[in-house]
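Presented below is the structure to which this report refers.
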Amino acid sequence: MAEQYSKFEKARIISARALQLAYGAPPLVKVPAGMINPIDLAEVEFDKEVIPITVLK
């Protein structure tokens, strides 16, 4: 990971992206077979560093 996030920042980023996915935003990674939970998909996107959310410190 290019930048180190606190566990609170990580949770907020993943939850915001999961909400976007739940409301129909297109996934930014190939969805693994059988994955339907938006939180799990948001975690995959976070790990691959493709979530389009910026944290200002």
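Going through the structure tokens in order, the chains are called A, B, and so on, while each chain numbers its residues from 1 and the ligands are numbered from 1 in the order shown.
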Tell me, as a PDB file with N, CA and C atoms, in the first residue's frame, which residues lie within 12 Å of Ile53 in chain A, counting only C-alpha atoms; anything in the same chain fewer than 3 positions away does not count.
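result-v7.pdb was written with the following content:
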```pdb
ATOM      1  N   GLU A   9      -9.713   5.052   9.152  1.00  0.00           N
ATOM      2  CA  GLU A   9      -9.733   5.548   7.783  1.00  0.00           C
ATOM      3  C   GLU A   9     -10.044   4.420   6.811  1.00  0.00           C
ATOM      4  N   LYS A  10      -9.419   3.273   7.032  1.00  0.00           N
ATOM      5  CA  LYS A  10      -9.664   2.122   6.167  1.00  0.00           C
ATOM      6  C   LYS A  10     -11.130   1.708   6.221  1.00  0.00           C
ATOM      7  N   ARG A  12     -13.697   3.555   6.975  1.00  0.00           N
ATOM      8  CA  ARG A  12     -14.531   4.586   6.347  1.00  0.00           C
ATOM      9  C   ARG A  12     -14.446   4.522   4.833  1.00  0.00           C
ATOM     10  N   ILE A  13     -13.275   4.292   4.295  1.00  0.00           N
ATOM     11  CA  ILE A  13     -13.090   4.187   2.848  1.00  0.00           C
ATOM     12  C   ILE A  13     -13.845   2.979   2.310  1.00  0.00           C
ATOM     13  N   ILE A  14     -13.672   1.837   2.958  1.00  0.00           N
ATOM     14  CA  ILE A  14     -14.332   0.607   2.500  1.00  0.00           C
ATOM     15  C   ILE A  14     -15.846   0.732   2.622  1.00  0.00           C
ATOM     16  N   SER A  15     -16.333   1.322   3.715  1.00  0.00           N
ATOM     17  CA  SER A  15     -17.778   1.434   3.876  1.00  0.00           C
ATOM     18  C   SER A  15     -18.383   2.398   2.854  1.00  0.00           C
ATOM     19  N   ALA A  16     -17.681   3.493   2.561  1.00  0.00           N
ATOM     20  CA  ALA A  16     -18.182   4.439   1.561  1.00  0.00           C
ATOM     21  C   ALA A  16     -18.238   3.781   0.185  1.00  0.00           C
ATOM     22  N   ARG A  17     -17.210   3.029  -0.156  1.00  0.00           N
ATOM     23  CA  ARG A  17     -17.178   2.365  -1.462  1.00  0.00           C
ATOM     24  C   ARG A  17     -18.217   1.246  -1.522  1.00  0.00           C
ATOM     25  N   ALA A  18     -18.409   0.522  -0.432  1.00  0.00           N
ATOM     26  CA  ALA A  18     -19.411  -0.540  -0.397  1.00  0.00           C
ATOM     27  C   ALA A  18     -20.810   0.035  -0.614  1.00  0.00           C
ATOM     28  N   GLN A  20     -21.500   2.745  -2.326  1.00  0.00           N
ATOM     29  CA  GLN A  20     -21.573   3.077  -3.750  1.00  0.00           C
ATOM     30  C   GLN A  20     -21.879   1.833  -4.575  1.00  0.00           C
ATOM     31  N   ALA A  42     -15.563  -4.228  -1.980  1.00  0.00           N
ATOM     32  CA  ALA A  42     -14.864  -2.981  -1.633  1.00  0.00           C
ATOM     33  C   ALA A  42     -13.507  -3.280  -1.008  1.00  0.00           C
ATOM     34  N   GLU A  45     -11.157  -4.097  -3.818  1.00  0.00           N
ATOM     35  CA  GLU A  45     -10.744  -2.864  -4.483  1.00  0.00           C
ATOM     36  C   GLU A  45      -9.736  -2.088  -3.635  1.00  0.00           C
ATOM     37  N   PHE A  46      -9.945  -2.056  -2.321  1.00  0.00           N
ATOM     38  CA  PHE A  46      -9.007  -1.362  -1.434  1.00  0.00           C
ATOM     39  C   PHE A  46      -7.625  -2.014  -1.494  1.00  0.00           C
ATOM     40  N   GLU A  49      -5.830  -1.071  -4.475  1.00  0.00           N
ATOM     41  CA  GLU A  49      -5.604   0.376  -4.542  1.00  0.00           C
ATOM     42  C   GLU A  49      -6.261   1.029  -5.752  1.00  0.00           C
ATOM     43  N   VAL A  50      -7.514   0.675  -6.026  1.00  0.00           N
ATOM     44  CA  VAL A  50      -8.220   1.267  -7.156  1.00  0.00           C
ATOM     45  C   VAL A  50      -9.443   2.075  -6.726  1.00  0.00           C
ATOM     46  N   LEU A  56      -7.852  13.385   2.869  1.00  0.00           N
ATOM     47  CA  LEU A  56      -7.052  14.569   3.137  1.00  0.00           C
ATOM     48  C   LEU A  56      -6.663  14.565   4.607  1.00  0.00           C
TER      49      LEU A  56
END
```
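Within chain A, residues classed as helix (DSSP H, G or I) by DSSP on backbone coordinates are Lys7, Phe8, Glu9, Lys10, Ala11, Arg12, Ile13, Ile14, Ser15, Ala16, Arg17, Ala18, Leu19, Gln20, Leu21, Ala22, Pro38, Ile39, Asp40, Leu41, Ala42, Glu43, Val44, Glu45, Phe46 and Asp47 of chain A.
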Quick one: pull the distance between CA of Ala25 in chain A and CA of Asp47 in chain A, Å, one decimal.
18.2 Å
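CA of Tyr23 in chain A to CA of Phe8 in chain A spans 22.7 Å [interatomic distance, one decimal].
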Would you compute the distance between CA of Ile51 in chain A and CA of Ala22 in chain A? Give it in Å to one decimal.
14.6 Å
